[in-house]
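Structure first, then comments.
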Amino acid sequence: MLKRIVPDEFVQSVYEIDFNALQRRGVKAAIVDLDNTLVESNRPEATPELIRWLDRLQGMGFKVMIVSNNNRTRVSRFATPLRVPYIHRARKPLSAAFKKAMRRLEVGPGETVMVGDQLFTDVLGGNALGLHTILVVPVSEAEGFFTKLNRLLERVVFRWMKQRGLLGWEEQQK
Ligand SMILES: [Mg+2]
C-alpha cells in the first residue's frame, strides 16, 4: 500500500521535469493534473511560462492530456484555449480516467508519465496502473513555502544582529 503512494520522482515544479530523460526511457505521453500542478487552483488561465513549457513538450513529440477531478467549467476554460485535450471529473485515483486518457493518446502504461501534486489521487492512481509517476510541490504551497522560509531567515538574521549589538538603534529607543 505504502509503495503505491510513493512517486518515482519528486520535483519542485513541472519546469524541473527532465523530459529528455523521460523520452530516452520510452515515455511518449504525459497525463497532467491541473490544480496546483500546472497553476494555482484559483488561476483560470495558463501563464506565459506554462504555455512555453507545453509548446516545448509538444515540440519534442510528447502527447499531453489534462486529467483533473475538477468540473467541466474549470477544466475546459483552462484547457480549450491551449488546445490540450482533457478529462474533467476524473475521479482519480480510480483507474477509469487514466485508462481512457491512455486510450485516447494511443499509448500504454510504460509510455506514460503521470504528473501531479497529490499522493492519494495522482500518484496512487498512476502507480496502480504502472505509470511513471512524478510528484510536484503544489504551486500555491510552493509560494507559501518560500515566503515562510524568507520570514524564518529574516528572524534568524535579525536575532544574530541583535546578539552582536548591530541593532544599536533599537537599544537607543529604549
Ligand atoms: Mg492537484
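Order determines the names: the first chain of the C-alpha cells is A, the second B, and so forth; residues in each chain are numbered 1 upward, and ligands are numbered 1 upward as they are shown.
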
Site check for ligand 1: residues at most 8 Å away, only C-alpha atoms and all ligand atoms, as a PyMOL selection string: chain A and resi 33-37+41+68+116-118+122+138

For the selection just defined, write its residues with N, CA, C and O atoms to a file, as an mmCIF file, in the first residue's frame.
```cif
data_model
loop_
_atom_site.group_PDB
_atom_site.id
_atom_site.type_symbol
_atom_site.label_atom_id
_atom_site.label_comp_id
_atom_site.auth_asym_id
_atom_site.auth_seq_id
_atom_site.Cartn_x
_atom_site.Cartn_y
_atom_site.Cartn_z
ATOM 1 N N ASP A 33 -2.105 16.627 -14.081
ATOM 2 C CA ASP A 33 -3.154 17.183 -13.230
ATOM 3 C C ASP A 33 -3.189 18.694 -13.492
ATOM 4 O O ASP A 33 -2.225 19.265 -14.006
ATOM 5 N N LEU A 34 -4.285 19.340 -13.146
ATOM 6 C CA LEU A 34 -4.391 20.791 -13.376
ATOM 7 C C LEU A 34 -4.122 21.611 -12.108
ATOM 8 O O LEU A 34 -3.091 22.286 -12.002
ATOM 9 N N ASP A 35 -5.030 21.521 -11.137
ATOM 10 C CA ASP A 35 -4.975 22.419 -9.976
ATOM 11 C C ASP A 35 -3.753 22.176 -9.097
ATOM 12 O O ASP A 35 -3.519 21.056 -8.635
ATOM 13 N N ASN A 36 -2.984 23.222 -8.914
ATOM 14 C CA ASN A 36 -1.772 23.204 -8.091
ATOM 15 C C ASN A 36 -0.634 22.386 -8.678
ATOM 16 O O ASN A 36 0.399 22.208 -8.051
ATOM 17 N N THR A 37 -0.862 21.872 -9.892
ATOM 18 C CA THR A 37 0.232 21.197 -10.598
ATOM 19 C C THR A 37 0.713 22.117 -11.718
ATOM 20 O O THR A 37 1.883 22.474 -11.780
ATOM 21 N N SER A 41 -4.913 26.794 -8.043
ATOM 22 C CA SER A 41 -6.281 26.351 -8.318
ATOM 23 C C SER A 41 -7.231 27.517 -8.578
ATOM 24 O O SER A 41 -8.311 27.329 -9.119
ATOM 25 N N SER A 68 -8.216 15.927 -14.695
ATOM 26 C CA SER A 68 -8.498 16.664 -13.461
ATOM 27 C C SER A 68 -9.770 16.164 -12.800
ATOM 28 O O SER A 68 -10.719 15.778 -13.477
ATOM 29 N N GLY A 116 1.532 15.109 -11.051
ATOM 30 C CA GLY A 116 0.503 15.711 -10.207
ATOM 31 C C GLY A 116 1.042 16.106 -8.852
ATOM 32 O O GLY A 116 2.173 15.782 -8.500
ATOM 33 N N ASP A 117 0.206 16.821 -8.086
ATOM 34 C CA ASP A 117 0.655 17.327 -6.788
ATOM 35 C C ASP A 117 0.102 16.534 -5.616
ATOM 36 O O ASP A 117 0.415 16.832 -4.476
ATOM 37 N N GLN A 118 -0.731 15.527 -5.899
ATOM 38 C CA GLN A 118 -1.334 14.812 -4.774
ATOM 39 C C GLN A 118 -1.026 13.320 -4.782
ATOM 40 O O GLN A 118 -1.192 12.644 -5.804
ATOM 41 N N ASP A 122 -3.265 11.554 -7.744
ATOM 42 C CA ASP A 122 -2.405 11.489 -8.926
ATOM 43 C C ASP A 122 -1.401 10.324 -8.868
ATOM 44 O O ASP A 122 -1.304 9.522 -9.801
ATOM 45 N N PRO A 138 2.874 21.437 -4.628
ATOM 46 C CA PRO A 138 1.715 22.222 -5.068
ATOM 47 C C PRO A 138 2.097 23.677 -5.351
ATOM 48 O O PRO A 138 2.825 24.286 -4.559
#
```

Contacts of Ala97 in chain A at 12 Å (only C-alpha atoms; same-chain gap of 3+ positions) as a list in words: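 Near neighbours after the sequence-gap exclusion: Ile31, Val32, Asp33, Met65, Ile66, Val67, Ser68, Asn69, Tyr86, Ile87, His88, Arg89, Ala90, Arg91, Lys92, Pro93, Leu94, Lys100, Ala101, Met102, Arg103, Arg104, Met114, Thr121, Asp122, Gly125, Gly126 and Leu129 of chain A.
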
DSSP-assigned helix (DSSP H, G or I) among range 45-106 of chain A, expressed as a PyMOL selection string: chain A and resi 48-59+72-82+95-105

Met60 in chain A environment, 9 Å, only C-alpha atoms, sequence neighbours closer than 5 positions dropped, as a list in words: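 Near Met60 in chain A, the qualifying residues are Phe19, Asn20, Gln23 and Asp55 of chain A.
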
Residues near Pro109 in chain A, cut-off 10 Å, only C-alpha atoms, skip fewer than 2 positions along chain, as a ChimeraX atom specification: /A:27,29,98-99,102,107,111-114,126-127,129-132
